[in-house]
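Here is work_13.txt, consisting of compact mmCIF, C-alpha atoms:
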# COMPACT_ATOMS: atom_id res chain seq x y z
CA MET W 243 0.00 0.00 0.00
CA THR W 244 2.76 2.42 0.98
CA SER W 245 4.65 1.86 -2.28
CA MET W 246 1.48 2.57 -4.27
CA ILE W 247 0.92 5.84 -2.40
CA THR W 248 4.57 6.81 -2.85
CA THR W 249 4.38 6.07 -6.59
CA ALA W 250 1.23 8.17 -6.90
CA VAL W 251 2.86 11.03 -4.98
CA ALA W 252 5.93 10.78 -7.25
CA LEU W 253 3.73 10.95 -10.37
CA MET W 254 1.79 13.94 -9.03
CA ALA W 255 4.99 15.72 -7.99
CA GLY W 256 6.44 15.33 -11.49
CA LEU W 257 3.29 16.59 -13.20
CA MET W 258 2.87 19.55 -10.84
CA MET W 259 6.52 20.55 -11.35
CA THR W 260 5.90 20.85 -15.10
CA ARG W 261 2.99 23.20 -14.38
CA LEU W 262 5.17 25.25 -12.04
CA PHE W 263 7.80 25.55 -14.77
CA LYS W 264 5.13 26.78 -17.19
CA LEU W 265 3.78 29.34 -14.72
CA LEU W 266 7.30 30.66 -14.16
CA ARG W 267 7.87 30.68 -17.95
CA MET W 268 10.86 28.37 -17.55
CA SER W 269 11.56 26.73 -20.91
CA PHE W 270 13.20 23.59 -19.52
CA PRO W 271 12.14 20.19 -20.91
CA ASP W 272 9.67 18.13 -18.88
CA VAL W 273 12.48 15.67 -18.11
CA THR W 274 14.24 18.32 -16.02
CA ALA W 275 10.99 19.06 -14.16
CA PHE W 276 10.54 15.36 -13.36
CA LEU W 277 14.12 15.06 -12.10
CA LEU W 278 13.79 18.12 -9.86
CA ALA W 279 10.52 16.72 -8.53
CA GLY W 280 12.44 13.54 -7.71
CA LEU W 281 14.99 15.52 -5.71
CA LEU W 282 12.08 17.19 -3.90
CA VAL W 283 10.48 13.90 -2.81
CA GLY W 284 13.78 12.05 -2.34
CA PRO W 285 15.86 11.35 0.79
CA TYR W 286 17.34 14.86 0.63
CA GLY W 287 13.91 16.50 0.35
CA ILE W 288 10.45 15.65 1.67
CA GLY W 289 11.56 12.07 2.25
CA ARG W 290 13.79 13.35 5.03
CA LEU W 291 10.65 14.03 7.11
CA GLY W 292 10.07 10.28 7.37
CA VAL W 293 6.31 10.53 6.74
CA GLU W 294 5.09 7.16 5.47
CA GLY W 295 3.93 7.32 1.87
CA LEU W 296 5.09 10.92 1.41
CA GLY W 297 8.32 10.82 -0.55
CA PHE W 298 11.24 8.40 -0.32
CA PRO W 299 12.85 8.35 3.16
CA SER W 300 15.66 6.01 2.04
CA TYR W 301 17.39 4.79 -1.10
CA GLN W 302 16.17 1.28 -0.31
CA GLU W 303 12.57 2.36 -0.90
CA ILE W 304 13.65 3.78 -4.26
CA ALA W 305 15.39 0.50 -5.09
CA ASP W 306 12.14 -1.35 -4.33
CA LEU W 307 10.60 0.38 -7.36
CA SER W 308 13.36 -0.81 -9.70
CA SER W 309 10.84 -2.90 -11.64
CA LEU W 310 9.12 0.33 -12.76
CA SER W 311 12.46 1.78 -13.87
CA ASN W 312 13.34 -1.40 -15.77
CA ALA W 313 9.95 -1.38 -17.48
CA ALA W 314 10.32 2.27 -18.49
CA LEU W 315 13.79 1.67 -19.96
CA GLY W 316 12.47 -1.34 -21.85
CA PHE W 317 9.63 0.66 -23.43
CA ILE W 318 12.06 3.49 -24.26
CA ALA W 319 14.34 1.02 -26.06
CA PHE W 320 11.31 -0.52 -27.80
CA SER W 321 10.31 2.93 -29.06
CA ILE W 322 13.84 3.68 -30.28
CA GLY W 323 13.67 0.46 -32.30
CA ASN W 324 10.98 2.14 -34.39
CA GLU W 325 13.69 4.50 -35.69
CA PHE W 326 15.43 1.61 -37.50
CA LYS W 327 13.10 1.36 -40.47
CA MET W 328 14.86 -0.19 -43.44
CA GLU W 329 14.00 2.67 -45.80
CA ASP W 330 15.54 5.16 -43.34
CA LEU W 331 18.62 3.03 -42.68
CA ARG W 332 19.47 3.06 -46.37
CA HIS W 333 20.13 6.79 -45.98
CA THR W 334 21.52 7.06 -42.43
CA GLY W 335 22.56 3.53 -41.39
CA ARG W 336 26.23 3.65 -42.47
CA ALA W 337 26.77 7.18 -41.14
CA ALA W 338 25.07 6.36 -37.81
CA ALA W 339 27.24 3.27 -37.34
CA VAL W 340 30.54 5.04 -38.08
CA ILE W 341 29.71 8.16 -36.05
CA GLY W 342 28.31 6.09 -33.17
CA ILE W 343 31.51 4.05 -32.86
CA LEU W 344 33.97 6.91 -33.33
CA GLN W 345 32.30 9.37 -30.93
CA ALA W 346 32.14 6.72 -28.19
CA MET W 347 35.82 5.86 -28.66
CA ALA W 348 36.76 9.55 -28.68
CA ALA W 349 34.92 10.14 -25.39
CA THR W 350 36.80 7.23 -23.82
CA LEU W 351 40.19 8.34 -25.16
CA VAL W 352 39.89 11.99 -24.11
CA THR W 353 38.55 11.08 -20.66
CA ASP W 354 41.33 8.53 -20.13
CA VAL W 355 44.04 11.04 -21.05
CA VAL W 356 42.64 13.84 -18.86
CA LEU W 357 42.10 11.58 -15.84
CA LEU W 358 45.57 10.02 -16.17
CA ILE W 359 47.07 13.53 -16.08
CA LEU W 360 44.93 14.24 -13.00
CA HIS W 361 46.21 10.98 -11.52
CA LEU W 362 49.78 12.30 -11.79
CA LEU W 363 48.73 15.47 -9.94
CA LEU W 364 46.60 13.92 -7.19
CA GLY W 365 48.52 10.69 -6.67
CA PRO W 366 47.50 7.01 -6.85
CA GLU W 367 45.97 7.08 -3.36
CA ILE W 368 43.17 9.42 -4.52
CA LEU W 369 42.87 8.45 -8.19
CA PRO W 370 44.35 5.05 -9.13
CA VAL W 371 45.12 4.26 -12.79
CA PRO W 372 42.55 1.39 -12.99
CA VAL W 373 39.85 3.85 -11.89
CA CYS W 374 40.88 6.26 -14.66
CA ILE W 375 40.60 3.49 -17.26
CA VAL W 376 37.16 2.35 -16.09
CA LEU W 377 35.80 5.92 -15.86
CA GLY W 378 36.99 6.50 -19.42
CA ALA W 379 35.02 3.47 -20.56
CA ILE W 380 31.88 4.61 -18.75
CA ALA W 381 32.24 7.98 -20.53
CA SER W 382 31.31 6.27 -23.80
CA ALA W 383 27.73 5.62 -22.65
CA THR W 384 24.85 7.96 -23.53
CA ALA W 385 21.41 8.01 -21.91
CA PRO W 386 18.71 7.14 -24.47
CA ALA W 387 15.83 7.96 -22.12
CA ALA W 388 16.38 11.71 -21.71
CA THR W 389 17.20 12.17 -25.39
CA LEU W 390 14.08 10.35 -26.57
CA MET W 391 11.85 12.28 -24.15
CA VAL W 392 13.13 15.65 -25.41
CA VAL W 393 12.62 14.56 -29.03
CA ARG W 394 9.09 13.35 -28.26
CA GLN W 395 8.04 16.36 -26.17
CA TYR W 396 9.05 18.92 -28.79
CA LYS W 397 8.29 16.72 -31.82
CA ALA W 398 11.80 17.32 -33.13
CA ASP W 399 12.39 16.20 -36.69
CA GLY W 400 15.10 16.71 -39.28
CA PRO W 401 18.46 15.33 -40.40
CA LEU W 402 20.02 15.75 -36.94
CA THR W 403 17.18 13.99 -35.09
CA ARG W 404 17.01 11.16 -37.61
CA LEU W 405 20.74 10.57 -37.18
CA LEU W 406 20.74 11.07 -33.40
CA LEU W 407 18.31 8.33 -32.37
CA PRO W 408 20.09 5.43 -34.14
CA ILE W 409 23.41 6.64 -32.71
CA VAL W 410 21.99 6.72 -29.18
CA ALA W 411 20.69 3.20 -29.69
CA LEU W 412 24.03 1.91 -31.01
CA ASP W 413 25.84 3.60 -28.14
CA ASP W 414 24.74 0.85 -25.74
CA ALA W 415 26.42 -1.89 -27.77
CA VAL W 416 29.62 0.10 -28.35
CA GLY W 417 29.77 1.09 -24.68
CA LEU W 418 29.42 -2.53 -23.54
CA VAL W 419 32.46 -3.60 -25.58
CA ILE W 420 34.62 -0.67 -24.49
CA PHE W 421 33.63 -1.13 -20.86
CA ALA W 422 34.31 -4.88 -20.91
CA VAL W 423 37.79 -4.40 -22.41
CA SER W 424 38.62 -1.63 -19.92
CA MET W 425 37.42 -3.72 -16.98
CA GLY W 426 39.66 -6.58 -18.10
CA VAL W 427 42.68 -4.27 -18.27
CA ALA W 428 41.83 -2.70 -14.89
CA ARG W 429 41.53 -6.11 -13.20
CA ALA W 430 44.89 -7.16 -14.61
CA MET W 431 46.51 -3.97 -13.29
CA ILE W 432 45.07 -4.44 -9.80
CA GLY W 433 46.61 -7.89 -9.54
CA GLY W 434 44.58 -10.34 -11.52
CA THR W 435 45.44 -12.03 -14.77
CA PRO W 436 44.06 -10.97 -18.18
CA ASP W 437 41.07 -13.11 -19.13
CA LEU W 438 40.36 -13.20 -22.87
CA ALA W 439 36.85 -14.54 -22.25
CA GLY W 440 36.04 -11.72 -19.88
CA ILE W 441 37.59 -9.03 -22.05
CA VAL W 442 36.29 -9.91 -25.51
CA GLU W 443 34.22 -13.06 -25.80
CA GLU W 444 31.59 -12.47 -23.12
CA PRO W 445 30.58 -8.90 -24.12
CA LEU W 446 30.45 -9.82 -27.81
CA LEU W 447 28.38 -12.90 -26.95
CA GLU W 448 26.06 -10.77 -24.83
CA ILE W 449 25.52 -8.31 -27.67
CA ALA W 450 24.98 -11.04 -30.29
CA CYS W 451 22.59 -13.03 -28.10
CA SER W 452 20.68 -9.90 -27.09
CA LEU W 453 20.14 -8.95 -30.72
CA MET W 454 19.11 -12.49 -31.70
CA PHE W 455 16.76 -12.80 -28.73
CA GLY W 456 15.21 -9.42 -29.53
CA ALA W 457 14.74 -10.40 -33.17
CA LEU W 458 13.04 -13.64 -32.11
CA MET W 459 10.68 -11.86 -29.71
CA GLY W 460 9.87 -9.22 -32.33
CA THR W 461 9.00 -11.91 -34.87
CA ILE W 462 6.80 -13.79 -32.39
CA MET W 463 5.03 -10.60 -31.33
CA SER W 464 4.27 -9.62 -34.93
CA LYS W 465 2.67 -13.05 -35.47
CA LEU W 466 0.63 -12.88 -32.26
CA GLU W 467 -0.66 -9.39 -33.08
CA GLN W 468 -2.32 -10.82 -36.19
CA LEU W 469 -4.64 -12.87 -33.98
CA PHE W 470 -6.38 -9.69 -32.76
CA TYR W 471 -8.58 -7.27 -34.68
CA SER W 472 -9.17 -4.71 -31.94
CA ASN W 473 -6.58 -1.95 -31.55
CA SER W 474 -7.11 -2.04 -27.79
CA ASN W 475 -6.35 -5.76 -27.63
CA ARG W 476 -3.31 -5.30 -29.84
CA LEU W 477 -2.04 -2.60 -27.48
CA ALA W 478 -2.60 -4.89 -24.48
CA MET W 479 -0.70 -7.66 -26.26
CA THR W 480 2.19 -5.28 -27.05
CA ILE W 481 2.47 -4.07 -23.45
CA SER W 482 2.37 -7.57 -22.00
CA PHE W 483 4.92 -8.83 -24.53
CA VAL W 484 7.36 -6.00 -23.88
CA VAL W 485 7.08 -6.58 -20.12
CA LEU W 486 7.64 -10.33 -20.64
CA THR W 487 10.71 -9.61 -22.77
CA ILE W 488 12.15 -7.27 -20.12
CA ALA W 489 11.69 -9.97 -17.47
CA LEU W 490 13.31 -12.69 -19.62
CA SER W 491 16.24 -10.37 -20.37
CA SER W 492 17.26 -10.52 -16.71
CA LEU W 493 18.18 -14.21 -17.05
CA ARG W 494 21.82 -15.28 -17.15
CA VAL W 495 23.14 -18.07 -19.36
CA HIS W 496 25.97 -20.50 -18.59
CA ALA W 497 27.75 -21.88 -21.67
CA GLY W 498 30.75 -23.93 -20.62
CA ARG W 499 33.30 -21.61 -19.07
CA LEU W 500 31.37 -18.55 -20.24
CA GLU W 501 28.64 -16.80 -18.30
CA PHE W 502 26.70 -13.94 -19.83
CA GLY W 503 23.39 -12.13 -19.60
CA PHE W 504 21.26 -10.04 -21.92
CA SER W 505 21.11 -6.28 -22.32
CA SER W 506 17.42 -5.43 -21.91
CA LEU W 507 18.00 -2.20 -23.86
CA LEU W 508 19.45 -4.06 -26.84
CA VAL W 509 16.82 -6.81 -26.66
CA CYS W 510 13.87 -4.40 -26.60
CA MET W 511 15.45 -2.16 -29.23
CA MET W 512 15.90 -5.10 -31.59
CA MET W 513 12.38 -6.32 -30.88
CA GLY W 514 11.02 -2.89 -31.82
CA THR W 515 13.19 -2.82 -34.95
CA VAL W 516 11.92 -6.19 -36.20
CA PHE W 517 8.32 -5.37 -35.30
CA CYS W 518 8.31 -2.01 -37.13
CA ASN W 519 9.74 -3.61 -40.28
CA VAL W 520 7.56 -6.76 -40.28
CA SER W 521 4.15 -5.70 -38.97
CA SER W 522 1.79 -3.78 -41.25
CA PHE W 523 0.10 -1.98 -38.34
CA ALA W 524 3.26 -1.26 -36.33
CA GLU W 525 2.93 2.53 -36.73
CA ASP W 526 -0.47 2.55 -35.04
CA ILE W 527 0.77 0.31 -32.22
CA PHE W 528 3.81 2.50 -31.57
CA THR W 529 1.66 5.63 -31.49
CA ARG W 530 -0.78 4.11 -28.99
CA CYS W 531 2.04 2.64 -26.92
CA ASP W 532 3.80 6.00 -26.68
CA LYS W 533 0.64 7.60 -25.27
CA TRP W 534 0.16 4.80 -22.74
CA THR W 535 3.72 5.02 -21.44
CA VAL W 536 3.75 8.77 -20.68
CA PRO W 537 2.90 8.29 -16.95
CA LEU W 538 5.44 5.46 -16.73
CA TYR W 539 8.18 7.71 -18.09
CA CYS W 540 7.19 10.43 -15.63
CA VAL W 541 7.53 8.07 -12.66
CA PHE W 542 10.81 6.76 -14.08
CA PHE W 543 12.42 10.20 -14.20
CA VAL W 544 11.05 11.19 -10.80
CA ILE W 545 12.58 8.01 -9.35
CA SER W 546 15.82 8.80 -11.18
CA GLY W 547 15.84 12.25 -9.59
CA ALA W 548 15.20 10.80 -6.15
CA GLN W 549 18.19 8.47 -6.62
CA LEU W 550 20.59 11.38 -7.10
CA ASP W 551 22.89 11.50 -4.09
CA LEU W 552 23.69 15.06 -3.00
CA GLY W 553 26.11 13.66 -0.45
CA VAL W 554 28.88 13.60 -3.07
CA PHE W 555 29.21 17.37 -2.64
CA LEU W 556 30.69 16.70 0.81
CA GLN W 557 33.78 15.12 -0.77
CA PRO W 558 35.94 17.82 -2.44
CA ALA W 559 38.24 15.30 -4.14
CA MET W 560 35.30 13.52 -5.76
CA VAL W 561 33.86 16.84 -6.90
CA LEU W 562 37.18 17.79 -8.49
CA ILE W 563 37.50 14.44 -10.29
CA GLY W 564 33.84 14.66 -11.27
CA VAL W 565 34.30 18.11 -12.83
CA PHE W 566 37.26 16.90 -14.90
CA TYR W 567 35.29 13.78 -15.88
CA ILE W 568 32.35 15.87 -17.07
CA LEU W 569 34.50 18.34 -19.01
CA SER W 570 36.64 15.65 -20.66
CA ARG W 571 33.66 13.46 -21.57
CA CYS W 572 31.79 16.41 -23.11
CA ALA W 573 34.91 17.40 -25.06
CA GLY W 574 35.37 13.82 -26.29
CA LYS W 575 31.72 13.46 -27.33
CA TYR W 576 31.68 16.81 -29.11
CA LEU W 577 35.01 16.45 -30.90
CA GLY W 578 34.38 12.80 -31.77
CA ALA W 579 30.95 13.56 -33.21
CA ARG W 580 32.18 16.63 -35.08
CA GLU W 581 35.13 14.97 -36.76
CA SER W 582 33.26 11.76 -37.58
CA CYS W 583 30.42 13.84 -39.09
CA ARG W 584 32.97 15.59 -41.29
CA LEU W 585 34.40 12.21 -42.26
CA MET W 586 30.94 11.00 -43.30
CA GLY W 587 30.10 14.18 -45.22
CA GLN W 588 27.30 15.39 -42.96
CA SER W 589 25.91 18.92 -43.20
CA ALA W 590 27.41 21.81 -41.24
CA ILE W 591 24.37 21.96 -38.92
CA VAL W 592 24.57 18.26 -38.01
CA THR W 593 28.35 18.49 -37.60
CA GLN W 594 28.06 21.45 -35.24
CA TYR W 595 25.26 20.28 -32.96
CA LEU W 596 25.22 16.45 -32.90
CA GLY W 597 27.89 16.16 -30.18
CA ILE W 598 25.90 18.36 -27.78
CA THR W 599 22.85 16.11 -28.06
CA LEU W 600 24.99 13.16 -26.89
CA PHE W 601 25.90 14.70 -23.51
CA PRO W 602 23.10 13.15 -21.34
CA GLN W 603 24.21 10.14 -19.29
CA ALA W 604 22.38 8.10 -16.63
CA GLY W 605 20.97 4.57 -16.55
CA VAL W 606 23.56 2.67 -18.61
CA ALA W 607 26.42 4.39 -16.76
CA LEU W 608 24.91 3.53 -13.37
CA GLY W 609 24.59 -0.08 -14.47
CA MET W 610 28.28 -0.11 -15.36
CA VAL W 611 29.06 1.28 -11.89
CA VAL W 612 27.49 -1.83 -10.32
CA THR W 613 29.82 -4.05 -12.35
CA ALA W 614 32.82 -1.81 -11.62
CA SER W 615 32.32 -2.34 -7.88
CA SER W 616 33.90 -5.79 -8.34
CA LEU W 617 37.30 -4.14 -8.82
CA GLY W 618 37.60 -3.56 -5.08
CA ALA W 619 36.07 -1.54 -2.28
CA GLU W 620 38.24 1.57 -2.71
CA GLU W 621 38.19 1.62 -6.50
CA GLY W 622 34.47 0.90 -6.62
CA THR W 623 33.70 3.73 -4.17
CA VAL W 624 35.67 6.30 -6.21
CA ILE W 625 33.98 5.23 -9.46
CA ARG W 626 30.53 5.28 -7.86
CA ASN W 627 30.92 8.75 -6.34
CA VAL W 628 32.35 10.30 -9.49
CA ILE W 629 29.58 8.87 -11.68
CA LEU W 630 26.89 9.90 -9.18
CA PHE W 631 28.23 13.45 -9.25
CA SER W 632 28.37 13.51 -13.05
CA VAL W 633 24.90 11.96 -13.43
CA LEU W 634 23.53 14.72 -11.17
CA PHE W 635 24.89 17.26 -13.65
CA TYR W 636 23.96 15.38 -16.82
CA GLU W 637 20.43 14.57 -15.70
CA LEU W 638 19.61 18.16 -14.76
CA VAL W 639 21.51 20.00 -17.50
CA GLY W 640 21.74 17.40 -20.31
CA PRO W 641 18.09 17.52 -21.48
CA SER W 642 18.19 21.33 -21.73
CA MET W 643 21.40 21.17 -23.76
CA THR W 644 19.82 18.61 -26.09
CA LYS W 645 16.79 20.86 -26.53
CA TRP W 646 19.03 23.89 -27.20
CA ALA W 647 21.06 22.01 -29.82
CA LEU W 648 17.96 20.71 -31.62
CA THR W 649 16.41 24.20 -31.54
CA ARG W 650 19.56 25.81 -32.93
CA ALA W 651 19.58 23.16 -35.66
CA GLY W 652 16.05 24.24 -36.60
CA GLU W 653 14.47 20.89 -35.73
CA ILE W 654 12.34 22.15 -32.83
CA THR W 655 9.77 24.78 -33.73
CA PRO W 656 7.63 26.53 -31.11
CA THR W 657 3.98 25.48 -30.99
CA PRO W 658 1.29 28.15 -31.48
CA ALA W 659 0.70 28.18 -27.71
CA GLN W 660 4.40 28.72 -27.01
CA LYS W 661 4.57 31.52 -29.57
CA LYS W 662 1.57 33.15 -27.91
CA ASP W 663 3.17 32.89 -24.47
CA ARG W 664 6.38 34.44 -25.79
CA SER W 665 4.55 37.36 -27.40
CA ARG W 666 2.63 38.00 -24.15
CA PHE W 667 5.87 37.87 -22.16
CA LYS W 668 7.58 40.34 -24.53
CA ALA W 669 4.55 42.63 -24.43
CA GLY W 670 4.61 42.54 -20.61
CA ARG W 671 8.28 43.46 -20.54
CA ALA W 672 7.69 46.31 -23.00
CA THR W 673 4.90 47.68 -20.79
CA VAL W 674 7.13 47.58 -17.73

Whole structure, structure tokens version:
Amino acid sequence: MTSMITTAVALMAGLMMTRLFKLLRMSFPDVTAFLLAGLLVGPYGIGRLGVEGLGFPSYQEIADLSSLSNAALGFIAFSIGNEFKMEDLRHTGRAAAVIGILQAMAATLVTDVVLLILHLLLGPEILPVPVCIVLGAIASATAPAATLMVVRQYKADGPLTRLLLPIVALDDAVGLVIFAVSMGVARAMIGGTPDLAGIVEEPLLEIACSLMFGALMGTIMSKLEQLFYSNSNRLAMTISFVVLTIALSSLRVHAGRLEFGFSSLLVCMMMGTVFCNVSSFAEDIFTRCDKWTVPLYCVFFVISGAQLDLGVFLQPAMVLIGVFYILSRCAGKYLGARESCRLMGQSAIVTQYLGITLFPQAGVALGMVVTASSLGAEEGTVIRNVILFSVLFYELVGPSMTKWALTRAGEITPTPAQKKDRSRFKAGRATV
């Protein structure tokens, strides 16, 4: 009962924060409003009062709602799969693949170099080399959730948007490989022995199996949808099938000496890709599904905001490392995207603004942090605190930067209501 009340309060807090932003004429995306609402009801806000059902008094209560977060990420990945239509990939597929790989590698390289220089200044006691290597790998990851929500809210469309969404989707696969290789190197440096299976085979097997499993589920779902003639029943089938796929993606497989799992993001993305290319009524299903999942996304971002740990500000060393991590990752993403866009002959607008839209980082990075904790208590703590600090920045500022970049690229146009509000605001200022 308490968790249901808390979830309802979280949803209401997120929705009311968007209204407050509108009343104050703050042009931030809804994602930012949801995240701030999460901070408000989290352990550093109303939750601190300890009133049952009113906010989140502890991070454990937030963790208890992880199933909602997993479901939201699964539906987000499923929706991104709709961007991989074959007719669109003929025009953007090669460019998206090359740019997606190069910008992720550039973010890792620049972050590694900057943090290794910082390691020489601070010393190995504060910033060990293995930590630098792992943080550089985590820098490759981009958050698909915030990016997709900004695109959906403002109905962004154009060459930049059509290139951005496939790149964000591919980022998960590229990041998994880079992170796995970096973790293998870091373990060897700490005192272990290099394990070829752990460094290369397992992540590649995870990616391949995730894509195959997603393709299988997408094919099965497209066949099952044909059994129903009501759009409402088809929607119910889609929702239940996506939830089932998310649950099955949590399984781990043992194959001889190898042990691997599935990436729910890759599985659901591939399922959406197959479904949109096979099913004749996929467009209608995706449209209805997007409307149904709006409250789920709201709760997801409020929970994400509540998870942000403000306690990292009490550790000056972590703040310093976090600032350098943020700056180096942003520089790597921007430079990598810019140069790879030039290599692929993209327009000046796409070349200039694509890198900025890749700044948001959250869920995938936090998942990598959990794996990185196996390096050791000290190394895991440093990685966790630095990423928590950076996620706090990226979650609150990243969506606004994505919106700004898409607006400057001319792919977000104000709605008639927004134009009216702006004219009223200018008229009010002129009167004053």

For W:Val633, please output as a ChimeraX atom specification all residues within 8 Å (counting only C-alpha atoms; exclusion window: fewer than 4 positions along the same chain). /W:550,603-604,629,637

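Between atom CA of W:Arg494 and atom CA of W:Leu446 lies a distance of 14.8 Å.
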
Counting only C-alpha atoms, what is within 8 Å of stretch 408-421 of chain W, bar same-chain residues fewer than 4 positions away, as number ranges by chain? W: 319, 322-323, 325-326, 335, 338-339, 341-343, 346-347, 376, 379-380, 382-386, 404, 425, 442, 445-446, 449, 507-508, 511, 600, 606, 610

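Close to (-2.5, -6.9, -25.8), meaning no more than 12 Å away when counting all atoms listed in the file, sit the residues Met463, Ser464, Leu466, Glu467, Gln468, Leu469, Phe470, Tyr471, Ser472, Asn473, Ser474, Asn475, Arg476, Leu477, Ala478, Met479, Thr480, Ile481, Ser482, Phe483, Val484, Val485, Leu486, Ile527, Arg530 and Cys531 of chain W.
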
All residues 10 Å or closer to W:Ala457, all atoms listed in the file, same chain fewer than 3 positions away omitted, as a ChimeraX atom specification: /W:451-454,460-463,509-517

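Near W:Leu390, within 10 Å and counting all atoms listed in the file, sit Ile318, Ala319, Ser321, Ile322, Ala398, Thr403, Leu406, Leu407, Val410 and Pro641 of chain W; same-chain residues fewer than 6 positions away were not included.
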
Hey, what's within 12 Å of W:Thr274 if we count all atoms listed in the file and toss same-chain stuff fewer than 4 positions away? As a ChimeraX atom specification, please? /W:256-257,259-260,263,268-270,278-281,388-389,391-392,540,543-544,546-547,602,634-645

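When atom CA of W:Cys572 is paired with atom CA of W:Phe601, their separation reads 6.1 Å.
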
Pick the closest to W:Gly284 from W:Thr623, W:Thr593, W:Ser522, W:Thr248: which is it, counting all atoms listed in the file? W:Thr248

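Between atom CA of W:Cys374 and atom CA of W:Ala428 there is a distance of 9.0 Å.
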
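Proximity ranking of W:Val592, W:Ala381, W:Ala430, W:Val393 relative to W:Gln345 places W:Ala381 first, based on only C-alpha atoms.
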
Restrict the output to stretch 569-607 of chain W and C-alpha atoms, then write it as a PDB file, in the first residue's frame.
ATOM      1  CA  LEU W 569      34.495  18.336 -19.014  1.00  0.00           C
ATOM      2  CA  SER W 570      36.643  15.654 -20.658  1.00  0.00           C
ATOM      3  CA  ARG W 571      33.661  13.461 -21.565  1.00  0.00           C
ATOM      4  CA  CYS W 572      31.793  16.407 -23.111  1.00  0.00           C
ATOM      5  CA  ALA W 573      34.908  17.400 -25.056  1.00  0.00           C
ATOM      6  CA  GLY W 574      35.367  13.823 -26.291  1.00  0.00           C
ATOM      7  CA  LYS W 575      31.722  13.458 -27.326  1.00  0.00           C
ATOM      8  CA  TYR W 576      31.678  16.809 -29.107  1.00  0.00           C
ATOM      9  CA  LEU W 577      35.015  16.450 -30.902  1.00  0.00           C
ATOM     10  CA  GLY W 578      34.381  12.805 -31.772  1.00  0.00           C
ATOM     11  CA  ALA W 579      30.945  13.560 -33.208  1.00  0.00           C
ATOM     12  CA  ARG W 580      32.177  16.631 -35.077  1.00  0.00           C
ATOM     13  CA  GLU W 581      35.132  14.970 -36.756  1.00  0.00           C
ATOM     14  CA  SER W 582      33.255  11.762 -37.585  1.00  0.00           C
ATOM     15  CA  CYS W 583      30.416  13.842 -39.090  1.00  0.00           C
ATOM     16  CA  ARG W 584      32.966  15.588 -41.289  1.00  0.00           C
ATOM     17  CA  LEU W 585      34.402  12.212 -42.257  1.00  0.00           C
ATOM     18  CA  MET W 586      30.940  11.001 -43.296  1.00  0.00           C
ATOM     19  CA  GLY W 587      30.105  14.184 -45.217  1.00  0.00           C
ATOM     20  CA  GLN W 588      27.295  15.393 -42.961  1.00  0.00           C
ATOM     21  CA  SER W 589      25.905  18.921 -43.201  1.00  0.00           C
ATOM     22  CA  ALA W 590      27.414  21.806 -41.241  1.00  0.00           C
ATOM     23  CA  ILE W 591      24.369  21.959 -38.925  1.00  0.00           C
ATOM     24  CA  VAL W 592      24.569  18.263 -38.005  1.00  0.00           C
ATOM     25  CA  THR W 593      28.347  18.491 -37.599  1.00  0.00           C
ATOM     26  CA  GLN W 594      28.056  21.450 -35.242  1.00  0.00           C
ATOM     27  CA  TYR W 595      25.258  20.278 -32.960  1.00  0.00           C
ATOM     28  CA  LEU W 596      25.223  16.453 -32.898  1.00  0.00           C
ATOM     29  CA  GLY W 597      27.888  16.161 -30.182  1.00  0.00           C
ATOM     30  CA  ILE W 598      25.901  18.360 -27.778  1.00  0.00           C
ATOM     31  CA  THR W 599      22.853  16.112 -28.059  1.00  0.00           C
ATOM     32  CA  LEU W 600      24.994  13.162 -26.892  1.00  0.00           C
ATOM     33  CA  PHE W 601      25.896  14.702 -23.515  1.00  0.00           C
ATOM     34  CA  PRO W 602      23.096  13.146 -21.335  1.00  0.00           C
ATOM     35  CA  GLN W 603      24.207  10.139 -19.286  1.00  0.00           C
ATOM     36  CA  ALA W 604      22.382   8.101 -16.634  1.00  0.00           C
ATOM     37  CA  GLY W 605      20.973   4.568 -16.547  1.00  0.00           C
ATOM     38  CA  VAL W 606      23.558   2.675 -18.611  1.00  0.00           C
ATOM     39  CA  ALA W 607      26.416   4.387 -16.763  1.00  0.00           C
TER      40      ALA W 607
END
